[in-house]
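Source file work-v3.cif; content: mmCIF, C-alpha atoms.
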data_run
#
loop_
_atom_site.group_PDB
_atom_site.id
_atom_site.type_symbol
_atom_site.label_atom_id
_atom_site.label_comp_id
_atom_site.auth_asym_id
_atom_site.auth_seq_id
_atom_site.Cartn_x
_atom_site.Cartn_y
_atom_site.Cartn_z
ATOM 1 C CA MET A 29 37.685 -32.115 47.275
ATOM 2 C CA ARG A 30 41.034 -30.362 47.218
ATOM 3 C CA TYR A 31 42.301 -29.939 43.661
ATOM 4 C CA GLU A 32 45.908 -30.647 44.643
ATOM 5 C CA GLU A 33 45.070 -33.871 46.483
ATOM 6 C CA LEU A 34 42.761 -35.506 43.939
ATOM 7 C CA LEU A 35 43.849 -38.392 41.752
ATOM 8 C CA PRO A 36 42.808 -38.156 38.074
ATOM 9 C CA ALA A 37 39.925 -40.636 38.379
ATOM 10 C CA GLU A 38 38.564 -38.856 41.457
ATOM 11 C CA PHE A 39 38.881 -35.468 39.795
ATOM 12 C CA THR A 40 37.117 -36.610 36.627
ATOM 13 C CA ALA A 41 34.262 -38.152 38.584
ATOM 14 C CA GLU A 42 33.686 -35.027 40.657
ATOM 15 C CA LEU A 43 33.888 -32.804 37.578
ATOM 16 C CA ALA A 44 31.158 -34.888 35.939
ATOM 17 C CA ARG A 45 28.930 -34.684 39.025
ATOM 18 C CA HIS A 46 29.572 -31.064 39.990
ATOM 19 C CA PRO A 47 31.430 -28.965 37.353
ATOM 20 C CA VAL A 48 32.182 -26.182 39.843
ATOM 21 C CA ALA A 49 35.634 -24.809 40.689
ATOM 22 C CA TYR A 50 36.148 -22.736 43.819
ATOM 23 C CA LEU A 51 39.040 -20.264 43.827
ATOM 24 C CA PRO A 52 39.884 -18.637 47.191
ATOM 25 C CA TRP A 53 41.571 -15.277 46.631
ATOM 26 C CA GLY A 54 43.381 -13.166 49.166
ATOM 27 C CA ALA A 55 46.533 -11.257 50.027
ATOM 28 C CA LEU A 56 49.572 -11.641 52.221
ATOM 29 C CA GLU A 57 48.857 -8.563 54.268
ATOM 30 C CA TRP A 58 49.337 -7.025 57.682
ATOM 31 C CA HIS A 59 46.364 -7.849 59.921
ATOM 32 C CA SER A 60 47.583 -6.082 63.040
ATOM 33 C CA TYR A 61 49.547 -7.878 65.736
ATOM 34 C CA HIS A 62 46.998 -10.555 66.557
ATOM 35 C CA MET A 63 46.190 -12.252 63.237
ATOM 36 C CA ALA A 64 47.942 -14.353 60.606
ATOM 37 C CA LEU A 65 49.292 -12.480 57.589
ATOM 38 C CA GLY A 66 47.512 -14.879 55.238
ATOM 39 C CA ASN A 67 44.102 -14.354 56.827
ATOM 40 C CA ASP A 68 42.274 -13.290 53.666
ATOM 41 C CA ALA A 69 42.906 -16.413 51.617
ATOM 42 C CA LEU A 70 42.916 -18.739 54.624
ATOM 43 C CA LYS A 71 39.353 -17.793 55.544
ATOM 44 C CA ALA A 72 38.243 -17.906 51.907
ATOM 45 C CA HIS A 73 39.704 -21.378 51.462
ATOM 46 C CA ASP A 74 38.046 -22.773 54.584
ATOM 47 C CA LEU A 75 34.705 -21.200 53.650
ATOM 48 C CA LEU A 76 34.896 -22.807 50.217
ATOM 49 C CA MET A 77 35.888 -26.183 51.624
ATOM 50 C CA ARG A 78 32.717 -26.134 53.706
ATOM 51 C CA THR A 79 30.709 -24.991 50.697
ATOM 52 C CA ALA A 80 32.057 -27.780 48.496
ATOM 53 C CA ALA A 81 31.231 -30.334 51.187
ATOM 54 C CA ARG A 82 27.571 -29.338 50.792
ATOM 55 C CA ALA A 83 27.215 -28.430 47.126
ATOM 56 C CA GLY A 84 30.008 -30.423 45.495
ATOM 57 C CA GLY A 85 32.826 -29.185 43.318
ATOM 58 C CA VAL A 86 36.605 -28.821 43.519
ATOM 59 C CA VAL A 87 38.467 -26.320 45.704
ATOM 60 C CA LEU A 88 41.743 -24.897 44.411
ATOM 61 C CA PRO A 89 44.650 -23.888 46.647
ATOM 62 C CA PRO A 90 44.500 -20.298 47.884
ATOM 63 C CA VAL A 91 45.787 -17.467 45.727
ATOM 64 C CA TRP A 92 47.686 -14.812 47.656
ATOM 65 C CA CYS A 93 47.863 -11.982 45.133
ATOM 66 C CA GLY A 94 46.539 -8.734 46.554
ATOM 67 C CA PHE A 95 46.119 -5.309 44.987
ATOM 68 C CA ASP A 96 45.439 -2.132 46.988
ATOM 69 C CA THR A 97 46.778 -3.536 50.255
ATOM 70 C CA LEU A 98 47.925 -1.897 53.481
ATOM 71 C CA LYS A 99 51.458 -1.840 52.073
ATOM 72 C CA LEU A 100 50.567 1.281 50.096
ATOM 73 C CA PRO A 101 51.418 4.588 51.807
ATOM 74 C CA ALA A 102 47.831 5.761 51.344
ATOM 75 C CA HIS A 103 46.726 2.915 53.630
ATOM 76 C CA GLY A 104 49.453 3.328 56.212
ATOM 77 C CA GLY A 105 52.391 1.531 54.605
ATOM 78 C CA PHE A 106 52.260 -1.462 56.949
ATOM 79 C CA PRO A 107 55.099 -4.023 56.792
ATOM 80 C CA LEU A 108 55.201 -7.707 55.821
ATOM 81 C CA THR A 109 52.654 -7.121 53.057
ATOM 82 C CA LEU A 110 52.980 -8.089 49.403
ATOM 83 C CA GLU A 111 51.411 -5.677 46.918
ATOM 84 C CA PHE A 112 50.856 -6.704 43.290
ATOM 85 C CA ARG A 113 49.989 -4.586 40.282
ATOM 86 C CA ARG A 114 46.380 -4.438 39.186
ATOM 87 C CA GLU A 115 47.361 -5.857 35.809
ATOM 88 C CA THR A 116 49.050 -8.819 37.517
ATOM 89 C CA VAL A 117 45.902 -9.674 39.469
ATOM 90 C CA MET A 118 43.793 -9.447 36.329
ATOM 91 C CA GLN A 119 46.128 -11.519 34.185
ATOM 92 C CA LEU A 120 46.434 -14.197 36.845
ATOM 93 C CA LEU A 121 42.674 -14.545 37.177
ATOM 94 C CA GLU A 122 42.157 -14.642 33.410
ATOM 95 C CA GLU A 123 44.699 -17.437 33.060
ATOM 96 C CA TYR A 124 43.028 -19.387 35.851
ATOM 97 C CA LEU A 125 39.643 -18.955 34.166
ATOM 98 C CA GLU A 126 40.882 -20.012 30.749
ATOM 99 C CA GLN A 127 42.511 -23.169 32.050
ATOM 100 C CA LEU A 128 39.643 -24.118 34.356
ATOM 101 C CA SER A 129 37.290 -23.672 31.426
ATOM 102 C CA ASP A 130 39.540 -25.864 29.273
ATOM 103 C CA ILE A 131 39.321 -28.592 31.914
ATOM 104 C CA GLY A 132 35.544 -28.489 31.750
ATOM 105 C CA PHE A 133 34.272 -26.447 34.696
ATOM 106 C CA LYS A 134 30.980 -24.706 33.968
ATOM 107 C CA LEU A 135 31.049 -22.441 37.014
ATOM 108 C CA VAL A 136 34.010 -20.780 38.741
ATOM 109 C CA VAL A 137 33.341 -19.196 42.127
ATOM 110 C CA VAL A 138 36.032 -16.707 43.146
ATOM 111 C CA LEU A 139 35.637 -15.913 46.839
ATOM 112 C CA ALA A 140 37.493 -12.711 47.669
ATOM 113 C CA GLY A 141 38.754 -12.689 51.238
ATOM 114 C CA HIS A 142 40.727 -9.538 50.390
ATOM 115 C CA TYR A 143 37.862 -7.299 49.418
ATOM 116 C CA GLY A 144 38.943 -3.686 49.128
ATOM 117 C CA PRO A 145 36.867 -2.108 46.328
ATOM 118 C CA PRO A 146 39.823 -1.558 43.920
ATOM 119 C CA HIS A 147 40.923 -5.192 44.311
ATOM 120 C CA VAL A 148 37.415 -6.564 43.793
ATOM 121 C CA ALA A 149 36.939 -4.239 40.808
ATOM 122 C CA ALA A 150 40.074 -5.703 39.208
ATOM 123 C CA LEU A 151 38.744 -9.253 39.683
ATOM 124 C CA VAL A 152 35.357 -8.282 38.248
ATOM 125 C CA GLU A 153 36.940 -6.576 35.239
ATOM 126 C CA ALA A 154 39.082 -9.630 34.520
ATOM 127 C CA ALA A 155 36.063 -11.930 34.795
ATOM 128 C CA ASN A 156 34.009 -9.708 32.526
ATOM 129 C CA ARG A 157 36.803 -9.528 29.986
ATOM 130 C CA PHE A 158 37.064 -13.318 30.003
ATOM 131 C CA THR A 159 33.311 -13.729 29.570
ATOM 132 C CA ILE A 160 32.880 -11.083 26.874
ATOM 133 C CA LEU A 161 35.943 -11.916 24.796
ATOM 134 C CA GLN A 162 35.510 -15.686 24.994
ATOM 135 C CA PRO A 163 31.744 -16.345 25.027
ATOM 136 C CA GLU A 164 32.180 -19.693 23.296
ATOM 137 C CA ARG A 165 33.568 -21.147 26.522
ATOM 138 C CA GLN A 166 30.191 -20.880 28.286
ATOM 139 C CA THR A 167 31.864 -20.894 31.687
ATOM 140 C CA ARG A 168 30.080 -18.780 34.289
ATOM 141 C CA VAL A 169 32.183 -16.756 36.739
ATOM 142 C CA TRP A 170 31.032 -15.397 40.095
ATOM 143 C CA ILE A 171 33.219 -12.886 41.941
ATOM 144 C CA VAL A 172 32.006 -12.854 45.533
ATOM 145 C CA PRO A 173 33.523 -10.806 48.390
ATOM 146 C CA ASP A 174 32.975 -13.039 51.412
ATOM 147 C CA TYR A 175 30.794 -10.508 53.248
ATOM 148 C CA ASP A 176 28.546 -9.994 50.223
ATOM 149 C CA MET A 177 26.449 -13.017 51.138
ATOM 150 C CA VAL A 178 25.504 -11.753 54.589
ATOM 151 C CA THR A 179 25.309 -7.957 54.672
ATOM 152 C CA ASP A 180 21.809 -8.289 56.099
ATOM 153 C CA LEU A 181 23.367 -9.933 59.151
ATOM 154 C CA GLY A 182 25.633 -6.977 59.852
ATOM 155 C CA TYR A 183 28.871 -8.104 58.216
ATOM 156 C CA HIS A 184 29.921 -5.490 55.682
ATOM 157 C CA GLY A 185 33.638 -6.217 55.776
ATOM 158 C CA ASP A 186 36.305 -4.837 58.090
ATOM 159 C CA HIS A 187 40.027 -5.290 58.527
ATOM 160 C CA ALA A 188 41.393 -7.283 61.453
ATOM 161 C CA ALA A 189 38.501 -6.006 63.541
ATOM 162 C CA GLU A 190 35.284 -7.527 64.886
ATOM 163 C CA TRP A 191 34.290 -9.692 61.929
ATOM 164 C CA GLU A 192 37.553 -10.812 60.385
ATOM 165 C CA THR A 193 38.877 -11.680 63.827
ATOM 166 C CA SER A 194 35.716 -13.599 64.730
ATOM 167 C CA ILE A 195 35.787 -15.558 61.473
ATOM 168 C CA LEU A 196 39.406 -16.622 61.889
ATOM 169 C CA MET A 197 38.744 -17.472 65.538
ATOM 170 C CA ALA A 198 36.060 -19.874 64.300
ATOM 171 C CA LEU A 199 38.055 -21.328 61.415
ATOM 172 C CA ARG A 200 41.656 -21.259 62.659
ATOM 173 C CA PRO A 201 41.711 -20.278 66.350
ATOM 174 C CA GLU A 202 45.408 -21.056 66.683
ATOM 175 C CA LEU A 203 46.139 -18.138 64.323
ATOM 176 C CA VAL A 204 44.480 -15.477 66.495
ATOM 177 C CA HIS A 205 46.119 -14.015 69.622
ATOM 178 C CA LEU A 206 44.098 -11.137 71.046
ATOM 179 C CA ASP A 207 46.501 -10.865 73.959
ATOM 180 C CA ARG A 208 49.080 -9.372 71.594
ATOM 181 C CA LEU A 209 46.994 -6.222 71.170
ATOM 182 C CA SER A 210 47.243 -3.141 73.325
ATOM 183 C CA ASP A 211 45.370 0.131 73.666
ATOM 184 C CA GLU A 212 48.120 1.774 71.609
ATOM 185 C CA THR A 213 47.797 -0.664 68.672
ATOM 186 C CA CYS A 214 44.108 -1.528 68.658
ATOM 187 C CA ASP A 215 43.018 1.031 66.062
ATOM 188 C CA GLU A 216 44.118 2.302 62.642
ATOM 189 C CA ARG A 217 47.652 2.794 63.956
ATOM 190 C CA GLY A 218 47.885 -0.961 64.346
ATOM 191 C CA GLY A 219 46.061 -1.771 61.118
ATOM 192 C CA ILE A 220 42.643 -2.435 62.654
ATOM 193 C CA LEU A 221 39.856 -0.876 60.612
ATOM 194 C CA GLY A 222 36.690 -1.399 62.590
ATOM 195 C CA PRO A 223 35.571 -2.131 66.162
ATOM 196 C CA ASP A 224 38.138 -3.229 68.737
ATOM 197 C CA PRO A 225 38.207 -7.028 68.409
ATOM 198 C CA ARG A 226 39.115 -7.447 72.071
ATOM 199 C CA ALA A 227 35.639 -6.230 72.986
ATOM 200 C CA THR A 228 33.614 -7.469 70.015
ATOM 201 C CA ALA A 229 35.130 -10.621 68.481
ATOM 202 C CA SER A 230 34.310 -14.194 69.434
ATOM 203 C CA ALA A 231 34.519 -17.659 67.942
ATOM 204 C CA ALA A 232 30.764 -18.059 68.401
ATOM 205 C CA LYS A 233 30.061 -14.911 66.386
ATOM 206 C CA GLY A 234 32.478 -16.111 63.738
ATOM 207 C CA GLU A 235 30.913 -19.559 63.512
ATOM 208 C CA ALA A 236 27.442 -18.058 63.090
ATOM 209 C CA ILE A 237 28.494 -15.830 60.195
ATOM 210 C CA VAL A 238 30.565 -18.640 58.643
ATOM 211 C CA GLU A 239 27.544 -20.919 58.699
ATOM 212 C CA ALA A 240 25.397 -18.251 57.040
ATOM 213 C CA ILE A 241 27.960 -17.551 54.303
ATOM 214 C CA VAL A 242 28.424 -21.248 53.557
ATOM 215 C CA ALA A 243 24.704 -22.051 53.572
ATOM 216 C CA ARG A 244 23.854 -19.214 51.196
ATOM 217 C CA LEU A 245 26.772 -19.803 48.873
ATOM 218 C CA ALA A 246 26.051 -23.556 48.728
ATOM 219 C CA ALA A 247 22.404 -22.832 47.944
ATOM 220 C CA ARG A 248 23.386 -20.606 45.023
ATOM 221 C CA VAL A 249 25.754 -23.207 43.653
ATOM 222 C CA ALA A 250 23.196 -26.008 44.045
ATOM 223 C CA ASN A 251 20.593 -23.921 42.269
ATOM 224 C CA TYR A 252 22.987 -23.247 39.402
ATOM 225 C CA LEU A 253 23.753 -26.936 39.036
ATOM 226 C CA GLU A 254 20.067 -27.815 39.110
ATOM 227 C CA VAL A 255 18.631 -25.224 36.733
ATOM 228 C CA GLY A 256 21.660 -23.718 35.027
ATOM 229 C CA HIS A 257 21.346 -20.189 36.355
ATOM 230 C CA GLU A 258 21.340 -18.216 39.592
#
What is this structure when it is put down as structure tokens?
Amino acid sequence: MRYEELLPAEFTAELARHPVAYLPWGALEWHSYHMALGNDALKAHDLLMRTAARAGGVVLPPVWCGFDTLKLPAHGGFPLTLEFRRETVMQLLEEYLEQLSDIGFKLVVVLAGHYGPPHVAALVEAANRFTILQPERQTRVWIVPDYDMVTDLGYHGDHAAEWETSILMALRPELVHLDRLSDETCDERGGILGPDPRATASAAKGEAIVEAIVARLAARVANYLEVGHE
């Protein structure tokens, strides 16, 4: 159920059955030499497509609007990265929430594939401001970093390392090229924050963690739709 591909009658019917909007959020950001620049939102979008297939709802196109990215000198100043102001991220999310609420969605799930703490904090603040200042809308908002569903399974978030590489290998294998890494680039100098993916990443590992994220997220959404709360 891709928002951009639905006809009005299809959209209205799905909204009536499952009033859930899924918003994949990421950044256009350096992910070393072996991964696609749009990794964060690409993985979030595919995870949400799988979730919607199980729990229902409508998936919006990815949002590539990252704050606190590797473009900043404090994080290495890596190239090919777009960095947006915190206020821009917050305003964009608030406008999404207002309009999705106007359409009639009762739950908006924002899956953060770009999950640095300052970026997630900006999303949470925007969601809280929307909820507190406009309580009459009665639209619930969940801000979920993708790893947050499965920390018990060992995934706590990394950057272009073991987990992110494994996940993209499972979801979009054509966008991962481990052979483009070298001993000189396979660490923080190359933008990899975590274990060397050449030794630790695999499509099988990625598929296992993808399945766990999707199953748990779909269960939460289904429970909300059934009883009206988490």
*Quick one: which residues end up in the PyMOL selection byres ((chain A and resi 239-251) around 7) for this structure, as a ChimeraX atom specification?*
/A:75,78-79,82-83,177-178,235-238,252-255,258
*So which residues touch A:Val117 within 9 Å, counting all atoms listed in the file, skipping near sequence neighbours fewer than 4 positions away, as a PyMOL selection string?*
chain A and resi 93-95+112-113+121-122+147+150-151+154
How close does each residue of stretch 100-170 of chain A get to stretch 203-217 of chain A, giving the shortest atom pair and distance in Å to one decimal for every residue with an atom at most 12 Å away, counting only C-alpha atoms, sorted by chain and residue number, as JSON lines?
{"residue": "A:His103", "atom": "CA", "partner": "A:Glu216", "partner_atom": "CA", "distance": 9.4}
{"residue": "A:Gly104", "atom": "CA", "partner": "A:Arg217", "partner_atom": "CA", "distance": 8.0}
{"residue": "A:Gly105", "atom": "CA", "partner": "A:Arg217", "partner_atom": "CA", "distance": 10.6}
{"residue": "A:Phe106", "atom": "CA", "partner": "A:Arg217", "partner_atom": "CA", "distance": 9.4}
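The list of residues with at least one atom within 7 Å of A:Trp191, based on all atoms listed in the file and without residues fewer than 3 positions apart in the same chain, reads Tyr183, Asp186, Ser194, Ile195, Ala229 and Gly234 of chain A.
Shortest separation to A:Pro52 among A:Met29, A:Leu35, A:Leu161, A:Met77 occurs at residue A:Met77, atoms counted being only C-alpha atoms.
Picture a line from atom CA of A:Pro173 to atom CA of A:Ser60; it runs 20.8 Å.
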*Can you list what the PyMOL selection byres ((chain A and resi 225) around 9) grabs from this structure, as JSON, numbers by chain?*
{"A": [188, 189, 190, 191, 192, 193, 194, 206, 214, 220, 222, 223, 224, 226, 227, 228, 229, 230]}
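For the point (53.7, -13.0, 49.0), the residues with an atom at a distance of at most 8 Å are Ala55, Leu56, Trp92, Cys93, Thr109, Leu110 and Glu111 of chain A, counting only C-alpha atoms.
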*Best match for closeness to A:Glu126 among A:Arg168, A:His46, A:Lys99, A:Arg30, counting only C-alpha atoms*: A:Arg168
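Nearest to A:Ala41 of all the residues A:Glu153, A:Pro89, A:Gly132, A:Thr116 is A:Gly132, based on all atoms listed in the file.
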*Taking the file above as input, evaluate the PyMOL selection byres ((chain A and resi 70) around 9) and report the hits as a ChimeraX atom specification.*
/A:52-54,64,66-69,71-75,90,141,196,199-200
Write the residues you've just listed into a file as a tab-separated table (two decimals), in the coordinates of the input, and include C-alpha atoms for each of them.
chain	number	residue	atom	x	y	z
A	52	PRO	CA	39.88	-18.64	47.19
A	53	TRP	CA	41.57	-15.28	46.63
A	54	GLY	CA	43.38	-13.17	49.17
A	64	ALA	CA	47.94	-14.35	60.61
A	66	GLY	CA	47.51	-14.88	55.24
A	67	ASN	CA	44.10	-14.35	56.83
A	68	ASP	CA	42.27	-13.29	53.67
A	69	ALA	CA	42.91	-16.41	51.62
A	71	LYS	CA	39.35	-17.79	55.54
A	72	ALA	CA	38.24	-17.91	51.91
A	73	HIS	CA	39.70	-21.38	51.46
A	74	ASP	CA	38.05	-22.77	54.58
A	75	LEU	CA	34.70	-21.20	53.65
A	90	PRO	CA	44.50	-20.30	47.88
A	141	GLY	CA	38.75	-12.69	51.24
A	196	LEU	CA	39.41	-16.62	61.89
A	199	LEU	CA	38.06	-21.33	61.42
A	200	ARG	CA	41.66	-21.26	62.66
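Coordinates place atom CA of A:Glu32 at a distance of 14.6 Å from atom CA of A:Leu76.
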*State, in Å with one decimal place, the distance from atom CA of A:Val136 to atom CA of A:Arg45.*
14.8 Å
*Which residue out of A:Val138, A:Leu65, A:Val152, A:Ile131 has the minimum interatomic distance to A:Arg165 when only C-alpha atoms are used?*
A:Ile131
*Local residues around (31.1, -26.3, 36.8), at most 6 Å away, using all atoms listed in the file, as a count of residues only*: 6
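Closest approach to A:Glu115 among A:Asp96, A:Glu164, A:Asp180, A:Glu38 is made by A:Asp96 (distances from only C-alpha atoms).
Checking A:Phe158, A:Tyr61, A:Tyr124, A:Tyr50 one by one against A:Leu139, counting all atoms listed in the file, you find the shortest gap at A:Tyr50.
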Could you work out an axis-aligned bounding box for all listed atoms of stretch 57-70 of chain A, with 3 Å added on each of the six sides, and give its centre and edge lengths in Å to one decimal, as JSON?
{"center_x": 45.9, "center_y": -12.4, "center_z": 59.1, "size_x": 13.3, "size_y": 18.7, "size_z": 20.9}
Using the atoms already present, construct N, CA and C atoms for stretch 55-73 of chain A and hand them back as a PDB file, in the coordinates of the input.
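Generated output (selection_31.pdb):
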ATOM      1  N   ALA A  55      45.272 -11.995  50.060  1.00  0.00           N
ATOM      2  CA  ALA A  55      46.533 -11.257  50.027  1.00  0.00           C
ATOM      3  C   ALA A  55      47.381 -11.697  51.205  1.00  0.00           C
ATOM      4  N   LEU A  56      48.671 -11.524  51.073  1.00  0.00           N
ATOM      5  CA  LEU A  56      49.572 -11.641  52.221  1.00  0.00           C
ATOM      6  C   LEU A  56      49.727 -10.231  52.753  1.00  0.00           C
ATOM      7  N   GLU A  57      49.054  -9.955  53.858  1.00  0.00           N
ATOM      8  CA  GLU A  57      48.857  -8.563  54.268  1.00  0.00           C
ATOM      9  C   GLU A  57      48.824  -8.434  55.788  1.00  0.00           C
ATOM     10  N   TRP A  58      49.369  -7.355  56.260  1.00  0.00           N
ATOM     11  CA  TRP A  58      49.337  -7.025  57.682  1.00  0.00           C
ATOM     12  C   TRP A  58      47.894  -7.041  58.196  1.00  0.00           C
ATOM     13  N   HIS A  59      47.667  -7.828  59.249  1.00  0.00           N
ATOM     14  CA  HIS A  59      46.364  -7.849  59.921  1.00  0.00           C
ATOM     15  C   HIS A  59      46.569  -7.599  61.414  1.00  0.00           C
ATOM     16  N   SER A  60      47.232  -6.491  61.693  1.00  0.00           N
ATOM     17  CA  SER A  60      47.583  -6.082  63.040  1.00  0.00           C
ATOM     18  C   SER A  60      48.489  -7.122  63.700  1.00  0.00           C
ATOM     19  N   TYR A  61      48.588  -7.040  65.005  1.00  0.00           N
ATOM     20  CA  TYR A  61      49.547  -7.878  65.736  1.00  0.00           C
ATOM     21  C   TYR A  61      48.966  -9.212  66.181  1.00  0.00           C
ATOM     22  N   HIS A  62      47.677  -9.398  65.966  1.00  0.00           N
ATOM     23  CA  HIS A  62      46.998 -10.555  66.557  1.00  0.00           C
ATOM     24  C   HIS A  62      46.536 -11.595  65.556  1.00  0.00           C
ATOM     25  N   MET A  63      46.729 -11.350  64.254  1.00  0.00           N
ATOM     26  CA  MET A  63      46.190 -12.252  63.237  1.00  0.00           C
ATOM     27  C   MET A  63      47.243 -12.665  62.222  1.00  0.00           C
ATOM     28  N   ALA A  64      47.029 -13.836  61.623  1.00  0.00           N
ATOM     29  CA  ALA A  64      47.942 -14.353  60.606  1.00  0.00           C
ATOM     30  C   ALA A  64      47.952 -13.456  59.372  1.00  0.00           C
ATOM     31  N   LEU A  65      49.127 -13.327  58.774  1.00  0.00           N
ATOM     32  CA  LEU A  65      49.292 -12.480  57.589  1.00  0.00           C
ATOM     33  C   LEU A  65      48.490 -13.003  56.400  1.00  0.00           C
ATOM     34  N   GLY A  66      48.252 -14.297  56.359  1.00  0.00           N
ATOM     35  CA  GLY A  66      47.512 -14.879  55.238  1.00  0.00           C
ATOM     36  C   GLY A  66      46.022 -14.991  55.473  1.00  0.00           C
ATOM     37  N   ASN A  67      45.510 -14.245  56.433  1.00  0.00           N
ATOM     38  CA  ASN A  67      44.102 -14.354  56.827  1.00  0.00           C
ATOM     39  C   ASN A  67      43.125 -14.385  55.658  1.00  0.00           C
ATOM     40  N   ASP A  68      43.284 -13.464  54.712  1.00  0.00           N
ATOM     41  CA  ASP A  68      42.274 -13.290  53.666  1.00  0.00           C
ATOM     42  C   ASP A  68      42.020 -14.573  52.881  1.00  0.00           C
ATOM     43  N   ALA A  69      43.081 -15.198  52.414  1.00  0.00           N
ATOM     44  CA  ALA A  69      42.906 -16.413  51.617  1.00  0.00           C
ATOM     45  C   ALA A  69      42.656 -17.637  52.489  1.00  0.00           C
ATOM     46  N   LEU A  70      43.176 -17.626  53.718  1.00  0.00           N
ATOM     47  CA  LEU A  70      42.916 -18.739  54.624  1.00  0.00           C
ATOM     48  C   LEU A  70      41.422 -18.864  54.916  1.00  0.00           C
ATOM     49  N   LYS A  71      40.786 -17.738  55.234  1.00  0.00           N
ATOM     50  CA  LYS A  71      39.353 -17.793  55.544  1.00  0.00           C
ATOM     51  C   LYS A  71      38.568 -18.155  54.292  1.00  0.00           C
ATOM     52  N   ALA A  72      38.955 -17.598  53.141  1.00  0.00           N
ATOM     53  CA  ALA A  72      38.243 -17.906  51.907  1.00  0.00           C
ATOM     54  C   ALA A  72      38.338 -19.392  51.576  1.00  0.00           C
ATOM     55  N   HIS A  73      39.521 -19.966  51.765  1.00  0.00           N
ATOM     56  CA  HIS A  73      39.704 -21.378  51.462  1.00  0.00           C
ATOM     57  C   HIS A  73      38.841 -22.253  52.374  1.00  0.00           C
TER      58      HIS A  73
END
